[in-house]
$ cat input_28.txt   # compact mmCIF, C-alpha atoms
# COMPACT_ATOMS: atom_id res chain seq x y z
CA MET A 1 -14.41 4.66 -8.24
CA CYS A 2 -10.94 4.91 -6.73
CA ASN A 3 -9.38 1.92 -5.02
CA VAL A 4 -8.55 1.21 -1.39
CA VAL A 5 -5.29 -0.58 -0.56
CA SER A 6 -4.67 -2.04 2.90
CA VAL A 7 -1.15 -1.68 4.30
CA THR A 8 -0.62 -4.00 7.23
CA ALA A 9 0.88 -3.24 10.64
CA LYS A 10 0.47 -6.24 12.92
CA PRO A 11 1.50 -4.34 16.10
CA LEU A 12 -1.51 -2.04 15.62
CA CYS A 13 -3.93 -4.95 15.40
CA LYS A 14 -5.79 -5.47 18.69
CA ASP A 15 -7.43 -8.77 17.69
CA ASP A 16 -6.33 -11.89 15.78
CA PHE A 17 -4.17 -10.68 12.90
CA LEU A 18 -4.93 -13.53 10.50
CA GLN A 19 -8.67 -13.25 11.07
CA ARG A 20 -8.42 -9.54 10.33
CA ILE A 21 -6.43 -10.23 7.15
CA ARG A 22 -9.10 -12.71 6.05
CA LYS A 23 -11.80 -10.06 6.54
CA ILE A 24 -9.77 -7.43 4.70
CA SER A 25 -9.15 -9.87 1.85
CA ASP A 26 -12.89 -10.63 1.67
CA SER A 27 -13.72 -6.91 1.49
CA GLU A 28 -13.52 -4.69 -1.57
CA VAL A 29 -9.91 -3.66 -1.02
CA GLN A 30 -7.87 -3.86 -4.22
CA TYR A 31 -4.61 -5.03 -2.64
CA ILE A 32 -3.05 -5.88 0.72
CA ILE A 33 0.56 -4.77 1.12
CA LEU A 34 2.09 -6.96 3.85
CA ARG A 35 4.43 -4.30 5.25
CA GLU A 36 5.70 -5.50 8.66
CA LYS A 37 9.11 -3.89 8.17
CA TYR A 38 10.30 -4.61 11.74
CA LEU A 39 10.67 -8.34 10.90
CA SER A 40 13.75 -10.18 9.64
CA GLU A 41 13.26 -11.86 6.27
CA GLN A 42 12.94 -15.28 7.92
CA GLU A 43 10.26 -13.97 10.31
CA TYR A 44 8.55 -12.16 7.45
CA TYR A 45 8.54 -15.30 5.31
CA SER A 46 6.84 -17.29 8.10
CA LEU A 47 4.18 -14.59 8.52
CA ALA A 48 3.65 -14.24 4.76
CA LYS A 49 3.10 -17.99 4.49
CA GLU A 50 0.41 -17.79 7.20
CA VAL A 51 -1.18 -14.76 5.56
CA LEU A 52 -1.28 -16.56 2.23
CA SER A 53 -3.38 -19.31 3.81
CA VAL A 54 -6.18 -16.83 4.60
CA CYS A 55 -5.76 -14.21 1.88
CA ASP A 56 -6.66 -14.02 -1.80
CA LYS A 57 -3.26 -14.50 -3.47
CA GLU A 58 -4.23 -12.07 -6.23
CA LYS A 59 -4.62 -9.29 -3.67
CA LEU A 60 -1.38 -9.90 -1.77
CA ILE A 61 1.66 -7.68 -2.36
CA ILE A 62 4.92 -8.58 -0.64
CA HIS A 63 6.85 -5.65 0.85
CA ASN A 64 10.63 -5.38 0.40
CA PHE A 65 11.62 -9.07 0.48
CA ILE A 66 12.08 -10.21 -3.11
CA GLY A 67 13.26 -13.69 -2.08
CA THR A 68 10.11 -14.26 -0.03
CA ALA A 69 7.88 -13.22 -2.91
CA GLU A 70 9.70 -15.55 -5.29
CA SER A 71 9.69 -18.48 -2.83
CA LEU A 72 5.94 -18.13 -2.28
CA GLY A 73 5.14 -17.58 -5.95
CA ILE A 74 3.71 -14.12 -5.35
CA LYS A 75 4.05 -11.95 -8.44
CA LYS A 76 3.55 -8.56 -6.82
CA ILE A 77 6.22 -6.63 -4.90
CA HIS A 78 6.32 -3.21 -3.23
CA LEU A 79 9.80 -1.85 -2.60
CA PRO A 80 11.00 1.07 -0.50
CA PHE A 81 12.43 3.68 -2.87
CA SER A 82 16.04 2.89 -1.92
CA ALA A 83 15.49 -0.81 -2.70
CA PHE A 84 13.67 0.04 -5.94
CA LYS A 85 16.68 2.03 -7.12
CA GLU A 86 18.84 -1.07 -6.66
CA LEU A 87 16.46 -3.44 -8.46
CA ASN A 88 18.03 -4.99 -11.53
CA GLY A 89 15.20 -5.65 -13.96
CA ARG A 90 11.69 -6.81 -13.15
CA ARG A 91 12.67 -10.39 -12.27
CA ASN A 92 9.45 -12.38 -12.78
CA PHE A 93 7.11 -9.89 -11.16
CA ASP A 94 3.84 -8.91 -12.78
CA ILE A 95 3.56 -5.76 -10.64
CA VAL A 96 6.37 -3.69 -9.11
CA GLY A 97 5.51 -0.68 -6.96
CA THR A 98 7.48 1.75 -4.85
CA SER A 99 7.01 4.60 -2.38
CA VAL A 100 7.86 8.15 -3.44
CA HIS A 101 8.24 11.36 -1.46
CA SER A 102 8.90 13.88 -4.23
CA VAL A 103 8.07 14.62 -7.87
CA ASP A 104 11.64 13.65 -8.80
CA ASP A 105 11.20 10.27 -7.09
CA ALA A 106 7.98 9.73 -9.03
CA ALA A 107 9.64 10.51 -12.37
CA PHE A 108 12.53 8.16 -11.56
CA ALA A 109 10.11 5.40 -10.60
CA GLN A 110 8.21 5.68 -13.87
CA GLU A 111 11.39 5.86 -15.97
CA ASN A 112 12.68 2.71 -14.29
CA GLY A 113 9.65 0.52 -14.76
CA ALA A 114 7.43 0.96 -11.70
CA ASP A 115 3.85 -0.11 -12.38
CA TYR A 116 2.44 2.13 -9.64
CA ILE A 117 3.64 4.42 -6.86
CA THR A 118 2.45 5.41 -3.41
CA ALA A 119 2.91 9.12 -2.67
CA GLY A 120 3.04 10.51 0.83
CA ASN A 121 2.71 11.22 3.48
CA ILE A 122 -0.30 13.34 2.48
CA TYR A 123 -1.55 14.09 6.00
CA GLU A 124 0.11 13.85 9.38
CA THR A 125 0.02 10.32 10.70
CA ASP A 126 0.90 8.46 13.90
CA CYS A 127 3.07 6.20 11.75
CA LYS A 128 5.42 9.15 11.16
CA LYS A 129 4.92 11.33 14.21
CA GLY A 130 6.17 14.90 13.84
CA LEU A 131 6.42 14.70 10.05
CA LYS A 132 4.19 17.34 8.51
CA GLY A 133 1.81 16.15 5.79
CA LYS A 134 2.71 17.14 2.22
CA GLY A 135 -0.91 17.87 1.33
CA VAL A 136 -3.22 17.32 -1.60
CA ASN A 137 -1.31 19.74 -3.86
CA PHE A 138 1.74 17.48 -3.55
CA LEU A 139 -0.39 14.51 -4.63
CA ARG A 140 -1.71 16.46 -7.59
CA ASN A 141 1.82 17.45 -8.64
CA VAL A 142 2.97 13.83 -8.46
CA CYS A 143 0.00 12.71 -10.58
CA GLU A 144 0.76 15.37 -13.17
CA SER A 145 4.41 14.30 -13.39
CA VAL A 146 3.75 10.65 -14.32
CA ASP A 147 1.33 8.46 -16.27
CA ILE A 148 1.36 5.41 -13.98
CA PRO A 149 -1.21 4.87 -11.19
CA VAL A 150 -0.62 6.95 -8.04
CA TYR A 151 -1.97 6.02 -4.61
CA ALA A 152 -2.09 8.51 -1.75
CA ILE A 153 -0.78 7.36 1.63
CA GLY A 154 -0.53 8.87 5.10
CA GLY A 155 -3.22 9.87 7.59
CA ILE A 156 -6.12 8.82 5.37
CA ASN A 157 -9.56 7.96 6.72
CA ALA A 158 -13.18 8.69 5.80
CA ASP A 159 -12.87 12.23 7.21
CA THR A 160 -9.70 13.19 5.29
CA ALA A 161 -10.47 11.29 2.06
CA GLY A 162 -12.94 13.95 0.91
CA GLY A 163 -9.98 16.20 0.16
CA PHE A 164 -9.02 14.00 -2.77
CA LYS A 165 -12.03 15.12 -4.80
CA ALA A 166 -9.81 18.03 -5.86
CA VAL A 167 -7.45 15.55 -7.55
CA THR A 168 -8.98 15.03 -10.97
CA GLU A 169 -6.00 13.45 -12.73
CA LYS A 170 -6.99 10.15 -14.35
CA ASN A 171 -4.00 8.30 -12.91
CA PHE A 172 -4.99 9.02 -9.30
CA ALA A 173 -5.72 5.38 -8.46
CA GLY A 174 -6.86 5.53 -4.84
CA VAL A 175 -5.64 5.49 -1.26
CA CYS A 176 -3.55 3.31 1.03
CA VAL A 177 -4.66 2.99 4.64
CA MET A 178 -2.89 1.36 7.55
CA SER A 179 -4.17 1.97 11.09
CA LEU A 180 -7.78 2.41 9.95
CA LEU A 181 -8.21 -1.17 8.69
CA MET A 182 -5.94 -2.63 11.36
CA GLN A 183 -8.16 -1.27 14.15
CA CYS A 184 -11.70 -0.55 12.93
CA GLU A 185 -14.74 -2.49 14.11
CA ASN A 186 -16.28 -3.05 10.68
CA ILE A 187 -13.86 -3.38 7.75
CA ASP A 188 -16.52 -3.51 5.03
CA ASN A 189 -18.16 -0.31 6.29
CA GLU A 190 -14.86 1.58 6.44
CA VAL A 191 -13.90 0.51 2.92
CA LEU A 192 -17.31 1.55 1.59
CA LYS A 193 -17.09 4.92 3.37
CA LEU A 194 -13.69 5.57 1.81
CA GLN A 195 -14.92 4.58 -1.63
CA SER A 196 -17.93 6.88 -1.33
CA LYS A 197 -15.66 9.82 -0.46
CA LEU A 198 -13.38 9.05 -3.41
CA ARG A 199 -16.09 8.94 -6.09

$ encode --input "input_28.txt" --output "C-alpha cells"
Amino acid sequence: MCNVVSVTAKPLCKDDFLQRIRKISDSEVQYIILREKYLSEQEYYSLAKEVLSVCDKEKLIIHNFIGTAESLGIKKIHLPFSAFKELNGRRNFDIVGTSVHSVDDAAFAQENGADYITAGNIYETDCKKGLKGKGVNFLRNVCESVDIPVYAIGGINADTAGGFKAVTEKNFAGVCVMSLLMQCENIDNEVLKLQSKLR
C-alpha cells in the first residue's frame, strides 16, 4: 500500500485548523508537512508549536525553517529545492526531503543526501493555477532516475489517484495532498479512498 502525506494550507481550511490537524494526525496519513509558506519564521514557529500540541510528533515534518525544527526538537525537515541546495550537511535531522520538478533535480537530491523527494506538479492544481501538469510519465521517469522514495504531488484526489497504478517502480512511495484534506468532510474516508486507489 502506498502512503498518503498531508501538506497543510491553513488559508484553505474552512473550520478550526488545529482540530483538523488533530483529525489528520489521528488518520492513517504517514506524515504531515506543515507548509504555510506565507508566514514569517516567527509566525511559523508559533503555529508549529500549536500544531505540535495536537499532532503526533513522529508524523510532523517542518517545512523550510530549519531553526524552528531544531528549536522544537523535530527531526524531520522538508526544504524547497533552492534551500536544499544550500543545506550544509544533514544537521541533526533524521529525515530530509525536498521538492523536485525535473529528473535532474531528482538526481541532485539523491546525490546530496535527500531521504525522499516530492515530484510535481503531476496534475493541474488550484495551488499553481495555469501551470500544466507534468503527468504520470514524468513521475515514472523520476522514479526510474533515483532509488530513494518518491511522492507524487499536485492535483491529486481519489479520482486522479487511479492513474498511479501505471507507476510500478518500487520506490514510488505515495502521494501528497493539500486542498483535499484541508477541506473534505471526512478525513478518514478520503485517506482510505486514496489508499484503495494506490494499491

$ residues_around --input "input_28.txt" --residues "region 34-43 of chain A" --least-positions-apart "5" --cutoff "7 Å" --atoms "only C-alpha atoms" --output "list in words"
Val7, Thr8, Ala9, Lys10, Ile61, Ile62, His63 and Phe65 of chain A

$ atom_distance --input "input_28.txt" --atom1 "CA of Leu72 (chain A)" --atom2 "CA of Gly89 (chain A)"
19.4 Å

$ closest_residue --input "input_28.txt" --among "A:Cys176, A:Lys165, A:Pro149, A:Thr98" --to "Asn121 (chain A)" --atoms "all atoms listed in the file"
A:Cys176

$ atom_distance --input "input_28.txt" --atom1 "CA of Asp16 (chain A)" --atom2 "CA of Ala69 (chain A)"
23.5 Å

$ closest_residue --input "input_28.txt" --among "A:Ile66, A:Cys55, A:Ala161, A:Val146" --to "Val100 (chain A)" --atoms "all atoms listed in the file"
A:Val146

$ atom_distance --input "input_28.txt" --atom1 "CA of Ile122 (chain A)" --atom2 "CA of Cys143 (chain A)"
13.1 Å

$ residues_near_point --input "input_28.txt" --point "(-12.2, -12.0, 0.4)" --cutoff "9 Å" --atoms "all atoms listed in the file" --output "list in words"
Arg22, Lys23, Ile24, Ser25, Asp26, Ser27, Glu28, Val29, Val54, Cys55 and Asp56 of chain A

$ axis_aligned_box --input "input_28.txt" --around "region 6-11 of chain A" --padding-each-side "4 Å" --output "lines of an AutoDock Vina configuration file"
center_x = -1.6
center_y = -4.0
center_z = 9.5
size_x = 14.2
size_y = 12.6
size_z = 21.2

$ closest_residue --input "input_28.txt" --among "A:Ile21, A:Gly163, A:Lys132, A:Val4" --to "Thr118 (chain A)" --atoms "all atoms listed in the file"
A:Val4

$ closest_residue --input "input_28.txt" --among "A:Leu198, A:Gln183, A:Asn137, A:Ile156" --to "Phe17 (chain A)" --atoms "only C-alpha atoms"
A:Gln183

$ residues_around --input "input_28.txt" --residues "Ala119 (chain A)" --least-positions-apart "4" --cutoff "6 Å" --atoms "all atoms listed in the file" --output "list in words"
Val100, His101, Ala152 and Ile153 of chain A

$ closest_residue --input "input_28.txt" --among "A:Ala107, A:Ile187, A:Ala158, A:Val5" --to "Glu144 (chain A)" --atoms "only C-alpha atoms"
A:Ala107

$ closest_residue --input "input_28.txt" --among "A:Ala83, A:Leu181, A:Asn186, A:Lys59" --to "Cys13 (chain A)" --atoms "all atoms listed in the file"
A:Leu181

$ residues_around --input "input_28.txt" --residues "Thr125 (chain A)" --least-positions-apart "6" --cutoff "12 Å" --atoms "only C-alpha atoms" --output "ChimeraX atom specification"
/A:131-134,153-157,160,177-180

$ write_last_selection --input "input_28.txt" --atoms "C-alpha atoms" --output "CSV table (one decimal), keeping the file's coordinate frame"
chain,number,residue,atom,x,y,z
A,131,LEU,CA,6.4,14.7,10.0
A,132,LYS,CA,4.2,17.3,8.5
A,133,GLY,CA,1.8,16.2,5.8
A,134,LYS,CA,2.7,17.1,2.2
A,153,ILE,CA,-0.8,7.4,1.6
A,154,GLY,CA,-0.5,8.9,5.1
A,155,GLY,CA,-3.2,9.9,7.6
A,156,ILE,CA,-6.1,8.8,5.4
A,157,ASN,CA,-9.6,8.0,6.7
A,160,THR,CA,-9.7,13.2,5.3
A,177,VAL,CA,-4.7,3.0,4.6
A,178,MET,CA,-2.9,1.4,7.6
A,179,SER,CA,-4.2,2.0,11.1
A,180,LEU,CA,-7.8,2.4,10.0

$ residues_around --input "input_28.txt" --residues "Gln195 (chain A)" --least-positions-apart "4" --cutoff "9 Å" --atoms "all atoms listed in the file" --output "PyMOL selection string"
chain A and resi 1-4+158+161+174+190-191+199

$ residues_around --input "input_28.txt" --residues "Tyr116 (chain A)" --least-positions-apart "6" --cutoff "10 Å" --atoms "all atoms listed in the file" --output "number ranges by chain"
A: 78, 95-99, 106, 109-110, 146-151, 171, 173
